[in-house]
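**Student:** I have a structure here, written as structure tokens, and I will follow up with some questions on it.
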Protein chains: 12
Amino acid sequence: METVANAVHLPPLDNPHEREAVGIELEVTLQELIDLSLIGKQLHWSVVGPGARSVHLFLDELVGQWRELADVVAERAVTLGFVPDGQAGAVSKGYRVEPVPVHSTADHVVLWELARRVAGVAERIRERLVPIGAADLVTQDVLVDVVRTLEKQQWLLRTQLAEKV
Amino acid sequence: METVANAVHLPPLDNPHEREAVGIELEVTLQELIDLSLIGKQLHWSVVGPGARSVHLFLDELVGQWRELADVVAERAVTLGFVPDGQAGAVSKGYRVEPVPVHSTADHVVLWELARRVAGVAERIRERLVPIGAADLVTQDVLVDVVRTLEKQQWLLRTQLAEKV
Amino acid sequence: METVANAVHLPPLDNPHEREAVGIELEVTLQELIDLSLIGKQLHWSVVGPGARSVHLFLDELVGQWRELADVVAERAVTLGFVPDGQAGAVSKGYRVEPVPVHSTADHVVLWELARRVAGVAERIRERLVPIGAADLVTQDVLVDVVRTLEKQQWLLRTQLAEKV
Amino acid sequence: METVANAVHLPPLDNPHEREAVGIELEVTLQELIDLSLIGKQLHWSVVGPGARSVHLFLDELVGQWRELADVVAERAVTLGFVPDGQAGAVSKGYRVEPVPVHSTADHVVLWELARRVAGVAERIRERLVPIGAADLVTQDVLVDVVRTLEKQQWLLRTQLAEKV
Amino acid sequence: METVANAVHLPPLDNPHEREAVGIELEVTLQELIDLSLIGKQLHWSVVGPGARSVHLFLDELVGQWRELADVVAERAVTLGFVPDGQAGAVSKGYRVEPVPVHSTADHVVLWELARRVAGVAERIRERLVPIGAADLVTQDVLVDVVRTLEKQQWLLRTQLAEKV
Amino acid sequence: METVANAVHLPPLDNPHEREAVGIELEVTLQELIDLSLIGKQLHWSVVGPGARSVHLFLDELVGQWRELADVVAERAVTLGFVPDGQAGAVSKGYRVEPVPVHSTADHVVLWELARRVAGVAERIRERLVPIGAADLVTQDVLVDVVRTLEKQQWLLRTQLAEKV
Amino acid sequence: METVANAVHLPPLDNPHEREAVGIELEVTLQELIDLSLIGKQLHWSVVGPGARSVHLFLDELVGQWRELADVVAERAVTLGFVPDGQAGAVSKGYRVEPVPVHSTADHVVLWELARRVAGVAERIRERLVPIGAADLVTQDVLVDVVRTLEKQQWLLRTQLAEKV
Amino acid sequence: METVANAVHLPPLDNPHEREAVGIELEVTLQELIDLSLIGKQLHWSVVGPGARSVHLFLDELVGQWRELADVVAERAVTLGFVPDGQAGAVSKGYRVEPVPVHSTADHVVLWELARRVAGVAERIRERLVPIGAADLVTQDVLVDVVRTLEKQQWLLRTQLAEKV
Amino acid sequence: METVANAVHLPPLDNPHEREAVGIELEVTLQELIDLSLIGKQLHWSVVGPGARSVHLFLDELVGQWRELADVVAERAVTLGFVPDGQAGAVSKGYRVEPVPVHSTADHVVLWELARRVAGVAERIRERLVPIGAADLVTQDVLVDVVRTLEKQQWLLRTQLAEKV
Amino acid sequence: METVANAVHLPPLDNPHEREAVGIELEVTLQELIDLSLIGKQLHWSVVGPGARSVHLFLDELVGQWRELADVVAERAVTLGFVPDGQAGAVSKGYRVEPVPVHSTADHVVLWELARRVAGVAERIRERLVPIGAADLVTQDVLVDVVRTLEKQQWLLRTQLAEKV
Amino acid sequence: METVANAVHLPPLDNPHEREAVGIELEVTLQELIDLSLIGKQLHWSVVGPGARSVHLFLDELVGQWRELADVVAERAVTLGFVPDGQAGAVSKGYRVEPVPVHSTADHVVLWELARRVAGVAERIRERLVPIGAADLVTQDVLVDVVRTLEKQQWLLRTQLAEKV
Amino acid sequence: METVANAVHLPPLDNPHEREAVGIELEVTLQELIDLSLIGKQLHWSVVGPGARSVHLFLDELVGQWRELADVVAERAVTLGFVPDGQAGAVSKGYRVEPVPVHSTADHVVLWELARRVAGVAERIRERLVPIGAADLVTQDVLVDVVRTLEKQQWLLRTQLAEKV
């Protein structure tokens, strides 16, 4: 079957440098999304305070969105011929998001810690949107979806911190 | 909490001029979408003629889409740190869509009046897509969705006016 | 077709004065319900504070109920042969509900502002239930549904303001 | 078991005259609703013309509503201890609604014929709402629901006949 | 449009005698199914006895099946160019099913009365399956579906009468 | 917040006597509905006899309806500024419904015991509908819904006791 | 595995001539159904006129039914050991249905063009039902389903052309 | 009640010989379908190999279809007044399908063993379709459904055995 | 039927002492779960404060779980031949949970009062798990489910009281 | 692949004697559950009497539960490395449940025959719960689920036999 | 109506050359998507081999996605005032995708043939994304969606060909 | 609020040593389940080979189950007053499951690598079931659920490796 496989069309991006660059951007994004989803679950279990139930439910929505985005991002990477590493070791070594303390955490602290981290991740990807678009419009479209979702989450988090818009 | 809040990341667009410009574009779009949704309901109640039932049902679909788009547009604005005004006074004073007469209206007139208004709104936003994209790719993505939907509605309206494509 | 149409049974209420009076009552109610739904959305976008997410979700439920009631009220009016005006201009000129400021608003202020407005609307309709019933039992039934819903909303709003029953 | 059954509380209305009067009103209403549902189906099968599909679908909605109302009305009658007759013979002999011709019928004629019949039925029940209410508020509530639905249907039919409201 | 319409293909059966014969068979079947559905509802409202609730629910299933079959049968008739009469007058004059008495009826009597009527209707159609098939295999398929359903209902009714199979 | 809360519109009924009277009527109704729901569950667990399964399922439907009505009634009371007591102690001390024996109970006895209790509750509320309506049309509407449901249940219970209507 | 496979039971029809004849009938039917589905979509995109929305929606229903029937027909063919060709080239070369012009088309013309084509396809299959049944009762059952559906569609199309039944 | 029951219409087939013959055919079919469903479950639990998961899921679909068909077949038999035996003893003694070995079985062997058995069952019933149709068209319709389903399953099984059609 | 019934297998536990002991444990548990569900509803109606809506919704989830558990517990008791008393009188006299005051109650007080009561009920059952398991493993399994649910609820309540874990 | 497979972890239970003992217990349970499901279907088809419809529906619920439990039990056995035999021959030879007569059977006899068989199966498994638990807690958990379900079914059957608890 | 129609806003793109160019690109894309959907169905019917069932199901997902994309693409074209030709003749003459042989085809060959064709189509559209974007950002957005989906399908196909990424 | 909180009942286990031991067991289990879910996703993205699609889908089911179990396990830990660490750093440092290589991986290797890891995790927890049960029966119940699910997954994985049971 090897011979047959060789004849199949290669992944979409011809230029190996572009493919590598786009692949690495997707891998970093993947690791940060996985990190957010693990941290989100951690806080889902340890939040306390008058708003604990509301935050507990809200976190499950966010985690669900991060997991879906992570899937889309990872599948875009392999579509381009780049296998990203999304395992615990790689995630904890990468561009990673700062971990949260492991004990009961007050609801407003939970929101504040998340808002900072989500903003950081969104900001980093946003800065790379234009160069990525030059290499591959489809990957740019994927990352615009990621930023659009993260920035909306950031707004929802900010509102609960009583921050004026 | 004020101190904490100050430290939270600001809304995504750094440049205050760009943020203002994008915010105003989103507010105008919001007001026009709300206006369309109120006019759509008005015609939903006053349409008469052999096609009245079909138009009555069609209008509810359109109104549903305008309401959803309005929500997306308004939430993008506040995400950028700009609170748009979507109340009756602001809507009736803004770039507003022309009101329709308040009496029973024949089905083809309803379609014609709507087609003109939807086309006008779509055209205005389309002209601003490129400059908006220069300031913020994510907001451009939101507005492309709005134009894509409005132009499709415009086609559906045109077909019912027996206009050749 | 005109001749045929003339022979069709007229709308249910024979007395033109009664029809006019009932129609105007329904139109005012419609405009207030639309106003509430626009104000509700406005606050949905601008609420901030520890309870922001809860209020954000609650407002969408209220807006959904006001939209449904507005539809029922408007359709009762046209059933009686009276086309009410539900467009932005008419809504902003009518018996209207006072607009809310356009900036981020603390959650408890949102609840308080809404509670006042909902109570005002409910009270006005309640005062007219008996005379309307004398003219048309069916319209009375429609308005009892409106008051029943608004008063329940008012209770739910009051509970969140920590007001003793 | 007879002895036991005798001891069970009698149906709600004590006064046998009132029960008879309310029962007869409900029986007539039942027969008219069944008649409407059979005529509606007849027209569902024989409508032709450019609006045939729209009318075909609309008639199924109306028939569904008439069947549900008939069930509610009949069950209220037996709740009051009065078994109404809803079989073909009784329906065709009663206060009955005029039958429609048995051949292909143009869409606007279908709408016109139905509008007349629905208006007639609604009008007759409306005239009896107040005396019924004096005897039994619950039955009045049932009949207000019937009139409310029939009058809304009448409006929807009128709009399709291009009749100005 | 008349000229255009004349050129459209005629209904499927070429032979006018066959079309008439098949049409009449379908009309009789339609009327009997409508009659069963009205009688079924009548008994649904008047059944009493220890099994009343079970029979009450069972009758609604049967009525639902008769209404669906009636629709299929009537639509097959008009497909063949024959408009059958399904209104109360025609139903009560036709090959009709014997009416049931209008008063509370014991559950086992209800089952027994229905079993007799369903068996009668099924038997009459079954006798005509072969000649109908000679004229039109598709109509035969429709009627086989009717008989298959009626005979299964008859079995379900018989089991409740404690009749040995 | 107290100051703010004081300014909020009071509950709908101005007259404190009327509010008290309506509140007490709603509290009694609430307690009886809770009592019915507990007794219904009790019988759900202890019914035996050939009709046990049918009654077992039927009771769960009734219990579901009583629970829903209880919620509506209690929420109307607090809407009017009256907190009713729906706890076991209050229920067992109030206008209460007679308890049933705690042992296996034959199906027809279950139906009979319930029919008596449901009739008693419906009758008591029905007698109060007119005075309540004079004080508050909306509460009357709530109680008409309660009576309408209870009387329909009473009919369904009576039919299973083989009682002639 | 070849040896094993040889021992597997052959497709149901023993007689190779019958299998070929039935297979060809199914292939022609398949190609005509695919052709109808492509033409249906074409008209779905190009219909204009007052009834455009109704026809637009109706065409999607028809296309859905043709796609399902095509699947059933093709799977019956391969079940009998005959692989039919359902690709664009074969469809456009076969017994094919006449293509429609590629431009905006008035709603009544759309209905008229479809009615002619559906009638033609139904007629051709109907003529072959009896000989097919002699070879294979199961394939006959499949084709009766196809004709039954096509003839019902033809009726629905005819009614919209205002053709008397 | 015996006397009453005797008077009820007998099962559909008058001729006792035909009823017996048709009943026996249905009983054999029932037993084979039950046997297939037990064997299908057995293989569902014991399949191994690279395709094990796919076959595991496929078998549950087949078992579901056999169980549904068995129900239809058994209910047709009792409808005709013939109680078939579908218990383990009768199934293992009848025309039965050969059992499969009780140990882990490779996926292609599973498919092959099933294909043989399904083909055998389908073939036997197919041979009896015409004589059954002479006695009872409705039972023939039931058995055509059984053969149609079994032959489609056989095709799906054959394709997985890499057998050319 | 008595004779027949005597021959039926007795309830699962042979030893009458064990059955009594297990039955009493289940009855107490049932009464406490019913008590919790009534108190939960009481607080659902009387909660006020910034978290009122969140607590209002949360209480409905808890009440739903208590009602389901009560059903499981009561049905296990009757399965063992012991009819527990779940009526208002028995509940208010039993091992009962302390009632809550009947007036508006601040949200954090509501959570605190419930947390105490849920913990008390869970603790009592937990202490009896081992002896119950010695008598009947199946009842132990039922009660482990009850404790598992109650302890999870207790945690969710504690988190909202801002208690560190 | 054999070499690879050898290296895979063996089934969970190390001790071959324990695995065999647990496997045999699961196989017997499987065969009895299959037997119950076949007998349940047999009675589903042959039940007659006033309660026939209720029993007919109830049996389908029971059969559904037995089929699900059989699947769980068989999959636990193969998880432990033991392939149980669930085919008709093995079922009819095993610890089997006594077959029922093949003719119409009165509803109360059906319930009685089933109650006896279900009780017998439940009792046999219950006696083995403790020794199984010593070998494998997970299998014990599976069997406790089986007993819990069977004993609840037994109670539901007993109640319909009018047996006092 | 012609005069009225002329006054309606023209389709969105002003420049007729751009409209033509964009329209042709959309038509080619449409024809290729239709071609893929017909070839996909062809292979759905003719696939054989151990992976036949998996490929059979996978193809239905792909076909569903191609049909949806074709609809979106065609509707974008008519929105721009360009009616594309999607009938069999045009599809088989256009930029067309190479047809597949009409006989049973091994599963890996099916995957390989599809992978080549999907890659070809995706590649052609990708090359045109930038020029299309210069003419119309909304159409670019539509085509980015097409490419994103096709490239993901290509990856899923490649993985099954055991090709290393 | 601190004072109030102190008075709330402590977490269920009194003995701090037992609580610590049980908490640590739950934390290790949590970390292994998270690790499995990350590895499962990694393989979901990198699997290739003829069974790639089947494994791709299967992995999503497994990942879904591991995520649900992780949630249950973590919530049991905090219920007992122990906050476990489920973040990337802790997971990659703990008792962790061995990572998989980051490149395309053949389907059977994927299954083999997973089977080994799932077996390892299940085995470790199984060994601790009895001591955990001595400390807390409810936590034992949670862990029995985990082992029951993991062992079933292990069987499903083994079957696909063609391993004899």
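Every chain in the structure tokens has a letter given in the order shown (A, B, ...), and although residue numbers restart at 1 in each chain, ligands are simply numbered from 1 in the order shown.
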Which residues of segment 36-131 of chain K have any atom within 8 Å of an atom in segment 43-56 of chain H when counting only C-alpha atoms, and what is the closest pair of atoms for each, with the distance in Å to one decimal? Order the rows by chain and rising number and write it as JSON lines.
**Tutor:**
{"residue": "K:Pro50", "atom": "CA", "partner": "H:Gly51", "partner_atom": "CA", "distance": 7.3}
{"residue": "K:Gly51", "atom": "CA", "partner": "H:Gly51", "partner_atom": "CA", "distance": 7.6}
{"residue": "K:Arg53", "atom": "CA", "partner": "H:Ser54", "partner_atom": "CA", "distance": 7.7}
{"residue": "K:Ser54", "atom": "CA", "partner": "H:Ser54", "partner_atom": "CA", "distance": 7.1}
**Student:** I'd like the contact shell of Ala74 of chain K - 12 Å cut-off, only C-alpha atoms, skipping same-chain residues fewer than 5 positions apart - returned as an NGL selection string.
**Tutor:** (:B and (152 or 155)) or (:G and (41-46)) or (:K and (22-34 or 66-69 or 79-86 or 139 or 142-143))
**Student:** Put those residues in a file: C-alpha atoms, as an mmCIF file, in the first residue's frame.
**Tutor:**
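Below is the file that was written, out.cif:
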data_model
loop_
_atom_site.group_PDB
_atom_site.id
_atom_site.type_symbol
_atom_site.label_atom_id
_atom_site.label_comp_id
_atom_site.auth_asym_id
_atom_site.auth_seq_id
_atom_site.Cartn_x
_atom_site.Cartn_y
_atom_site.Cartn_z
ATOM 1 C CA LYS B 152 -29.466 35.860 1.081
ATOM 2 C CA TRP B 155 -32.478 37.206 -2.858
ATOM 3 C CA LYS G 41 -32.681 21.431 -7.079
ATOM 4 C CA GLN G 42 -32.114 23.485 -10.250
ATOM 5 C CA LEU G 43 -35.672 24.821 -10.047
ATOM 6 C CA HIS G 44 -35.330 25.288 -6.269
ATOM 7 C CA TRP G 45 -32.604 27.833 -7.072
ATOM 8 C CA SER G 46 -34.209 29.533 -10.066
ATOM 9 C CA VAL K 22 -17.506 35.246 -9.281
ATOM 10 C CA GLY K 23 -20.594 33.590 -10.759
ATOM 11 C CA ILE K 24 -18.551 31.296 -12.978
ATOM 12 C CA GLU K 25 -16.282 30.298 -10.100
ATOM 13 C CA LEU K 26 -19.363 29.417 -8.045
ATOM 14 C CA GLU K 27 -20.900 27.441 -10.931
ATOM 15 C CA VAL K 28 -17.781 25.335 -11.410
ATOM 16 C CA THR K 29 -17.624 24.699 -7.683
ATOM 17 C CA LEU K 30 -21.295 23.730 -7.668
ATOM 18 C CA GLN K 31 -20.849 21.257 -10.519
ATOM 19 C CA GLU K 32 -17.859 19.651 -8.847
ATOM 20 C CA LEU K 33 -19.710 19.307 -5.557
ATOM 21 C CA ILE K 34 -22.702 17.711 -7.310
ATOM 22 C CA TRP K 66 -21.408 17.933 -0.311
ATOM 23 C CA ARG K 67 -25.145 18.399 -0.806
ATOM 24 C CA GLU K 68 -25.286 21.097 1.871
ATOM 25 C CA LEU K 69 -22.251 22.899 0.448
ATOM 26 C CA THR K 79 -27.891 35.962 -4.753
ATOM 27 C CA LEU K 80 -25.303 37.630 -7.012
ATOM 28 C CA GLY K 81 -27.650 37.422 -10.010
ATOM 29 C CA PHE K 82 -26.062 34.424 -11.711
ATOM 30 C CA VAL K 83 -28.078 31.206 -12.287
ATOM 31 C CA PRO K 84 -25.626 28.288 -12.343
ATOM 32 C CA ASP K 85 -26.440 25.029 -14.147
ATOM 33 C CA GLY K 86 -26.503 22.023 -11.827
ATOM 34 C CA THR K 139 -18.194 34.870 -1.535
ATOM 35 C CA VAL K 142 -18.413 30.885 1.401
ATOM 36 C CA LEU K 143 -15.511 29.307 -0.466
#
**Student:** What does the distance from atom CA of Glu75 of chain B to atom CA of Ala134 of chain K come to in Å, to one decimal?
**Tutor:** 28.5 Å
**Student:** Return the neighbours of chain L among the residues of chain K, cut-off 9 Å, counting only C-alpha atoms, as an mmCIF file with all heavy atoms, in the first residue's frame.
**Tutor:**
data_model
loop_
_atom_site.group_PDB
_atom_site.id
_atom_site.type_symbol
_atom_site.label_atom_id
_atom_site.label_comp_id
_atom_site.auth_asym_id
_atom_site.auth_seq_id
_atom_site.Cartn_x
_atom_site.Cartn_y
_atom_site.Cartn_z
ATOM 1 N N GLY K 51 -13.845 -3.455 5.143
ATOM 2 C CA GLY K 51 -14.244 -2.148 5.666
ATOM 3 C C GLY K 51 -15.484 -1.600 4.981
ATOM 4 O O GLY K 51 -15.792 -0.413 5.118
ATOM 5 N N SER K 54 -18.121 0.362 7.170
ATOM 6 C CA SER K 54 -17.582 1.625 7.663
ATOM 7 C C SER K 54 -17.534 2.664 6.532
ATOM 8 O O SER K 54 -17.945 3.810 6.713
ATOM 9 C CB SER K 54 -16.184 1.377 8.244
ATOM 10 O OG SER K 54 -15.591 2.590 8.616
ATOM 11 N N VAL K 55 -17.066 2.258 5.363
ATOM 12 C CA VAL K 55 -16.982 3.180 4.223
ATOM 13 C C VAL K 55 -18.389 3.573 3.751
ATOM 14 O O VAL K 55 -18.655 4.736 3.439
ATOM 15 C CB VAL K 55 -16.181 2.531 3.072
ATOM 16 C CG1 VAL K 55 -16.237 3.399 1.822
ATOM 17 C CG2 VAL K 55 -14.735 2.314 3.496
ATOM 18 N N PHE K 58 -19.582 6.157 6.123
ATOM 19 C CA PHE K 58 -18.761 7.360 5.982
ATOM 20 C C PHE K 58 -19.180 8.117 4.719
ATOM 21 O O PHE K 58 -19.297 9.348 4.724
ATOM 22 C CB PHE K 58 -17.290 6.946 5.912
ATOM 23 C CG PHE K 58 -16.318 8.076 5.774
ATOM 24 C CD1 PHE K 58 -16.448 9.237 6.518
ATOM 25 C CD2 PHE K 58 -15.240 7.974 4.896
ATOM 26 C CE1 PHE K 58 -15.517 10.271 6.393
ATOM 27 C CE2 PHE K 58 -14.317 9.001 4.771
ATOM 28 C CZ PHE K 58 -14.462 10.152 5.514
ATOM 29 N N ASP K 107 -12.848 -1.655 -0.744
ATOM 30 C CA ASP K 107 -12.930 -0.502 0.157
ATOM 31 C C ASP K 107 -11.734 0.438 0.073
ATOM 32 O O ASP K 107 -11.896 1.649 -0.004
ATOM 33 C CB ASP K 107 -13.167 -0.961 1.610
ATOM 34 C CG ASP K 107 -12.329 -2.158 2.016
ATOM 35 O OD1 ASP K 107 -11.347 -2.462 1.305
ATOM 36 O OD2 ASP K 107 -12.642 -2.775 3.038
ATOM 37 N N HIS K 108 -10.493 -0.111 0.043
ATOM 38 C CA HIS K 108 -9.340 0.802 0.009
ATOM 39 C C HIS K 108 -9.258 1.519 -1.332
ATOM 40 O O HIS K 108 -8.796 2.656 -1.409
ATOM 41 C CB HIS K 108 -8.047 0.065 0.356
ATOM 42 C CG HIS K 108 -7.721 -1.034 -0.592
ATOM 43 N ND1 HIS K 108 -8.214 -2.310 -0.469
ATOM 44 C CD2 HIS K 108 -6.964 -1.039 -1.715
ATOM 45 C CE1 HIS K 108 -7.770 -3.054 -1.454
ATOM 46 N NE2 HIS K 108 -7.020 -2.310 -2.220
ATOM 47 N N LEU K 156 -9.360 12.903 6.608
ATOM 48 C CA LEU K 156 -10.026 11.696 7.103
ATOM 49 C C LEU K 156 -9.848 10.548 6.108
ATOM 50 O O LEU K 156 -9.692 9.389 6.499
ATOM 51 C CB LEU K 156 -11.512 11.968 7.351
ATOM 52 C CG LEU K 156 -11.806 12.839 8.571
ATOM 53 C CD1 LEU K 156 -13.260 13.278 8.599
ATOM 54 C CD2 LEU K 156 -11.469 12.087 9.863
ATOM 55 N N LEU K 157 -9.879 10.873 4.815
ATOM 56 C CA LEU K 157 -9.665 9.839 3.804
ATOM 57 C C LEU K 157 -8.214 9.349 3.859
ATOM 58 O O LEU K 157 -7.960 8.135 3.819
ATOM 59 C CB LEU K 157 -9.991 10.399 2.415
ATOM 60 C CG LEU K 157 -11.493 10.588 2.149
ATOM 61 C CD1 LEU K 157 -11.729 11.571 1.006
ATOM 62 C CD2 LEU K 157 -12.141 9.245 1.822
ATOM 63 N N ARG K 158 -7.277 10.262 3.929
ATOM 64 C CA ARG K 158 -5.854 9.878 3.976
ATOM 65 C C ARG K 158 -5.556 8.964 5.165
ATOM 66 O O ARG K 158 -4.815 7.990 5.040
ATOM 67 C CB ARG K 158 -4.972 11.129 4.102
ATOM 68 C CG ARG K 158 -4.606 11.760 2.784
ATOM 69 C CD ARG K 158 -3.356 12.634 2.851
ATOM 70 N NE ARG K 158 -3.069 13.197 4.146
ATOM 71 C CZ ARG K 158 -3.362 14.430 4.550
ATOM 72 N NH1 ARG K 158 -3.974 15.267 3.727
ATOM 73 N NH2 ARG K 158 -3.053 14.838 5.747
ATOM 74 N N THR K 159 -6.141 9.278 6.332
ATOM 75 C CA THR K 159 -5.832 8.453 7.509
ATOM 76 C C THR K 159 -6.227 6.994 7.273
ATOM 77 O O THR K 159 -5.547 6.086 7.723
ATOM 78 C CB THR K 159 -6.575 8.922 8.780
ATOM 79 O OG1 THR K 159 -7.975 8.801 8.572
ATOM 80 C CG2 THR K 159 -6.219 10.347 9.129
ATOM 81 N N GLN K 160 -7.328 6.796 6.562
ATOM 82 C CA GLN K 160 -7.790 5.426 6.335
ATOM 83 C C GLN K 160 -6.945 4.701 5.291
ATOM 84 O O GLN K 160 -7.054 3.491 5.136
ATOM 85 C CB GLN K 160 -9.263 5.434 5.927
ATOM 86 C CG GLN K 160 -10.134 6.024 7.033
ATOM 87 C CD GLN K 160 -11.588 6.136 6.650
ATOM 88 O OE1 GLN K 160 -12.257 5.149 6.423
ATOM 89 N NE2 GLN K 160 -12.079 7.356 6.541
ATOM 90 N N LEU K 161 -6.155 5.471 4.539
ATOM 91 C CA LEU K 161 -5.245 4.852 3.577
ATOM 92 C C LEU K 161 -3.910 4.562 4.240
ATOM 93 O O LEU K 161 -2.923 4.238 3.576
ATOM 94 C CB LEU K 161 -5.050 5.775 2.374
ATOM 95 C CG LEU K 161 -6.305 5.871 1.489
ATOM 96 C CD1 LEU K 161 -6.214 7.072 0.578
ATOM 97 C CD2 LEU K 161 -6.459 4.580 0.695
ATOM 98 N N ALA K 162 -3.889 4.668 5.562
ATOM 99 C CA ALA K 162 -2.685 4.338 6.339
ATOM 100 C C ALA K 162 -1.515 5.217 5.968
ATOM 101 O O ALA K 162 -0.365 4.900 6.252
ATOM 102 C CB ALA K 162 -2.311 2.864 6.153
ATOM 103 N N GLU K 163 -1.810 6.325 5.307
ATOM 104 C CA GLU K 163 -0.751 7.253 4.964
ATOM 105 C C GLU K 163 -0.295 7.978 6.214
ATOM 106 O O GLU K 163 -1.116 8.539 6.943
ATOM 107 C CB GLU K 163 -1.326 8.300 4.016
ATOM 108 C CG GLU K 163 -0.679 8.338 2.681
ATOM 109 C CD GLU K 163 -1.193 9.560 1.991
ATOM 110 O OE1 GLU K 163 -2.415 9.684 1.825
ATOM 111 O OE2 GLU K 163 -0.367 10.403 1.651
ATOM 112 N N LYS K 164 0.981 8.047 6.399
ATOM 113 C CA LYS K 164 1.517 8.860 7.477
ATOM 114 C C LYS K 164 1.132 10.307 7.167
ATOM 115 O O LYS K 164 1.115 10.721 6.006
ATOM 116 C CB LYS K 164 3.070 8.773 7.510
ATOM 117 C CG LYS K 164 3.593 7.406 7.829
ATOM 118 C CD LYS K 164 3.402 7.091 9.297
ATOM 119 C CE LYS K 164 3.736 5.622 9.557
ATOM 120 N NZ LYS K 164 3.506 5.244 10.951
ATOM 121 N N VAL K 165 0.869 11.082 8.171
ATOM 122 C CA VAL K 165 0.543 12.499 7.936
ATOM 123 C C VAL K 165 1.757 13.180 7.310
ATOM 124 O O VAL K 165 2.875 12.983 7.766
ATOM 125 C CB VAL K 165 0.194 13.178 9.272
ATOM 126 C CG1 VAL K 165 -0.011 14.673 9.038
ATOM 127 C CG2 VAL K 165 -1.063 12.561 9.840
#
**Student:** Give me the residues within 10 Å of Asp136 of chain A as a list in words, counting only C-alpha atoms and dropping any in the same chain fewer than 3 places off.
**Tutor:** Pro12, Leu13, Glu18, Arg19, Val22, Val130, Pro131, Ile132, Gly133, Thr139, Gln140 and Asp141 of chain A; Arg126 of chain K
**Student:** Excluding Leu114 of chain F and its own-chain neighbours fewer than 3 positions away, which residues fall within 9 Å of it when counting only C-alpha atoms? Please give them as a list in words.
**Tutor:**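 Contacts, with the query itself left out: Leu36, Ile39, Gly40, Val109, Val110, Leu111, Arg117, Val118, Ala119, Gln154 and Leu157 of chain F.
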**Student:** Between atom CA of Arg124 of chain K and atom CA of Val91 of chain G, what is the spacing in Å?
**Tutor:**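 Result for atom CA of Val91 of chain G versus atom CA of Arg124 of chain K: 25.4 Å, one decimal.
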**Student:** Work out how far apart atom CA of Tyr95 of chain G and atom CA of Asp14 of chain E are and give it in Å to one decimal.
**Tutor:**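 Atom-to-atom, atom CA of Tyr95 of chain G and atom CA of Asp14 of chain E are spaced 23.1 Å apart.
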**Student:** Using backbone DSSP assignments, extract all alpha helix (DSSP H) residues from chain A; output them as an MDAnalysis selection string.
**Tutor:** chainID A and resid 2:7 16:46 52:79 88:93 107:135 137:160
**Student:** Enumerate, as a VMD selection string, the complete set of residues in chain J that a backbone-based DSSP assignment places in strand (DSSP E or B).
**Tutor:** chain J and resid 47 to 48 105 to 106
